[in-house]
Number of protein chains: 2
Amino acid sequence: MKLYGFFRSSAAFRVRIALGLKRLTADQIPVHLRKDHQRAPDYLALNPLGLVPTLIEDDGTALAQSLAIVEYLDETRPEPPLLPREPKARAHVRALAQVVACEIHPLNNLRVLNYLRRDLKQPETAVEAWYAHWIATGFEAFEAMLDRRPGRGRFCLDDAPGLADICLVPQVFNAKRYPIPLSPYPKLMAVFEACMKLPAFDAAQPSKQPDFEP
Amino acid sequence: MKLYGFFRSSAAFRVRIALGLKRLTADQIPVHLRKDHQRAPDYLALNPLGLVPTLIEDDGTALAQSLAIVEYLDETRPEPPLLPREPKARAHVRALAQVVACEIHPLNNLRVLNYLRRDLKQPETAVEAWYAHWIATGFEAFEAMLDRRPGRGRFCLDDAPGLADICLVPQVFNAKRYPIPLSPYPKLMAVFEACMKLPAFDAAQPSKQPDFEP
């Protein structure tokens with residue numbers, strides 16, 4: 001497999017974690033988002049939205065959208081599972097993942113911040129306030145939702161990491177780049193700390209990628 | 001089952017379509033988003049993000065996030081299926097759904113437009129340009145992705161509607177409320193027209209909901 005990504009992309013980070021948890025390797029191909037390499041015609045042919053990640057399967061099939069890719073990996077390489085088996089538990093884990101993937105991250109990715117800067121002529125203070133606002137709104141809900149299912153373990157669902165943890169950790173990394181208080185979210189941060197003790201999460205972080213730039 | 005929704009919410013619209021395709025009924029409970037009823041404490045207890053929809057299962061379990069709810073319905077009431085069985089086809093359908101649910105809709109929902117108006121003091125022309133920009137960007141990619149799998153039928157995947165169609169149709173309804181040209185997306189619009197011939201899609205549209213306001 002090949003993974004088109006970018007060290008800083010939290011969507012690519014999710015797939016890197018999933019690959020690590022499954023003990024799979026993929027050749028990493030950097031797509032430099034700050035140099036607009038995602039708009040190059042050959043990349044757009046693989047991923048018409050011009051977003052990372054794209055996973056290329058061994059038969060050449062190009063797969064887009066990080067949550068779809070993680071579910072695909074889980075369906076084709078079932079061990080260890082990234083989703084529980086019971087439908088209500090699955091829905092809970094997916095809902096947590098989507099709080100990050102549908103309610104926080106889409107508002108804070110680079111193309112949106114650039115629209116605020118370039119098209120809406122917003123100063124950097126307003127862009128940072130926007131960034132912090134959607135993280136706070138989303139993390140507040142994530143924190144409230146975490147204990148809705150009884151018997152939670154160290155991670156979002158139980159004592160094994162899965163799809164919700166895979167989405168949470170990159171979002172916390174993004175939050176830490178800005179002066180965003182994280183103390184209001186002690187449960188979420190405890191999950192983050194538990195995840196970061198695992199090699200799959202640690203090795204997937206931006207600073208450990210081959211294309212990392214300080 | 002009970003479904004907390006709002007006639008205009010495209011995320012609630014998705015779940016209404018899924019229920020219709022599965023021939024399920026749910027008591028509809030309106031949550032008036034323009035009157036901020038989603039911020040009422042009793043609703044936040046069900047859905048900490050203050051978003052619709054929330055599906056209440058017969059045993060009282062509250063399920064959030066429309067894509068998680070649709071997959072839950074598909075797992076617990078398998079007929080007719082809303083996702084194909086083959087993993088690459090599933091990933092393709094989920095990716096199409098996520099182009100709408102992760103790349104268009106989160107940027108255009110009411111709380112975001114209100115942030116542009118209230119916090120960033122943007123005039124209505126700038127808000128409309130923002131709205132149109134993210135629809136155009138997403139629809140362009142959706143259109144390009146539709147025929148990536150050979151042998152497509154009348155709908156996004158084949159000749160039966162599923163998760164991608166469920167996400168596409170409400171997004172087209174949203175686009176039609178603004179002067180957004182849809183002729184650049186002939187394949188996507190042909191899928192939309194095919195869907196709207198089906199009772200499950202027709203009955204789920206905003207103007208046919210009990211809480212509809214012109």
# chains A, B, ... in the order shown; residues from 1 in each chain; ligands from 1
call {"tool": "residues_around", "arguments": {"residues": "Arg39 (chain B)", "least_positions_apart": "5", "cutoff": "9 Å", "atoms": "only C-alpha atoms", "output": "ChimeraX atom specification"}}
result
/B:33,44,48-51
call {"tool": "interface_residues", "arguments": {"of": "chain B", "to": "chain A", "cutoff": "8 Å", "atoms": "only C-alpha atoms", "output": "ChimeraX atom specification"}}
result
/B:48-49,63-65,68-69,71-72,75-76,87-88,90-92,94-95,98-99,101-103,106-107,120,126,137-138,140-142,144-145
call {"tool": "select_by_dssp", "arguments": {"residues": "region 24-141 of chain B", "states": "helix (DSSP H, G or I)", "output": "VMD selection string"}}
result
chain B and resid 33 to 35 37 to 39 41 to 46 66 to 76 87 to 103 105 to 108 110 to 118 124 to 141
call {"tool": "residues_around", "arguments": {"residues": "Tyr178 (chain A)", "least_positions_apart": "2", "cutoff": "12 Å", "atoms": "only C-alpha atoms", "output": "compact mmCIF listing (two decimals) with C-alpha atoms, in the first residue's frame"}}
result
# COMPACT_ATOMS: atom_id res chain seq x y z
CA ASN A 108 -10.13 24.21 11.00
CA GLU A 124 -4.61 36.29 12.46
CA THR A 125 -6.25 36.98 15.84
CA VAL A 127 -8.43 33.16 12.63
CA GLU A 128 -7.05 31.90 15.95
CA ALA A 129 -10.29 32.73 17.75
CA TRP A 130 -12.22 30.79 15.09
CA TYR A 131 -9.86 27.82 15.47
CA ALA A 132 -10.16 27.82 19.24
CA HIS A 133 -13.95 28.27 19.16
CA ILE A 135 -12.20 23.04 19.18
CA ALA A 136 -13.77 24.20 22.45
CA GLN A 171 -7.24 16.80 17.07
CA VAL A 172 -5.52 17.24 20.46
CA PHE A 173 -2.21 17.69 18.62
CA ASN A 174 -3.83 20.46 16.58
CA ALA A 175 -5.23 22.10 19.70
CA LYS A 176 -1.80 22.09 21.34
CA ILE A 180 -6.19 26.59 23.82
CA PRO A 181 -6.86 25.52 27.43
CA LEU A 182 -7.23 21.75 27.67
call {"tool": "atom_distance", "arguments": {"atom1": "CA of Gly5 (chain B)", "atom2": "CA of Gln28 (chain B)"}}
result
7.0 Å
call {"tool": "atom_distance", "arguments": {"atom1": "CA of Asp165 (chain B)", "atom2": "CA of Pro78 (chain B)"}}
result
17.1 Å
call {"tool": "atom_distance", "arguments": {"atom1": "CA of Ala12 (chain A)", "atom2": "CA of Leu110 (chain A)"}}
result
13.4 Å
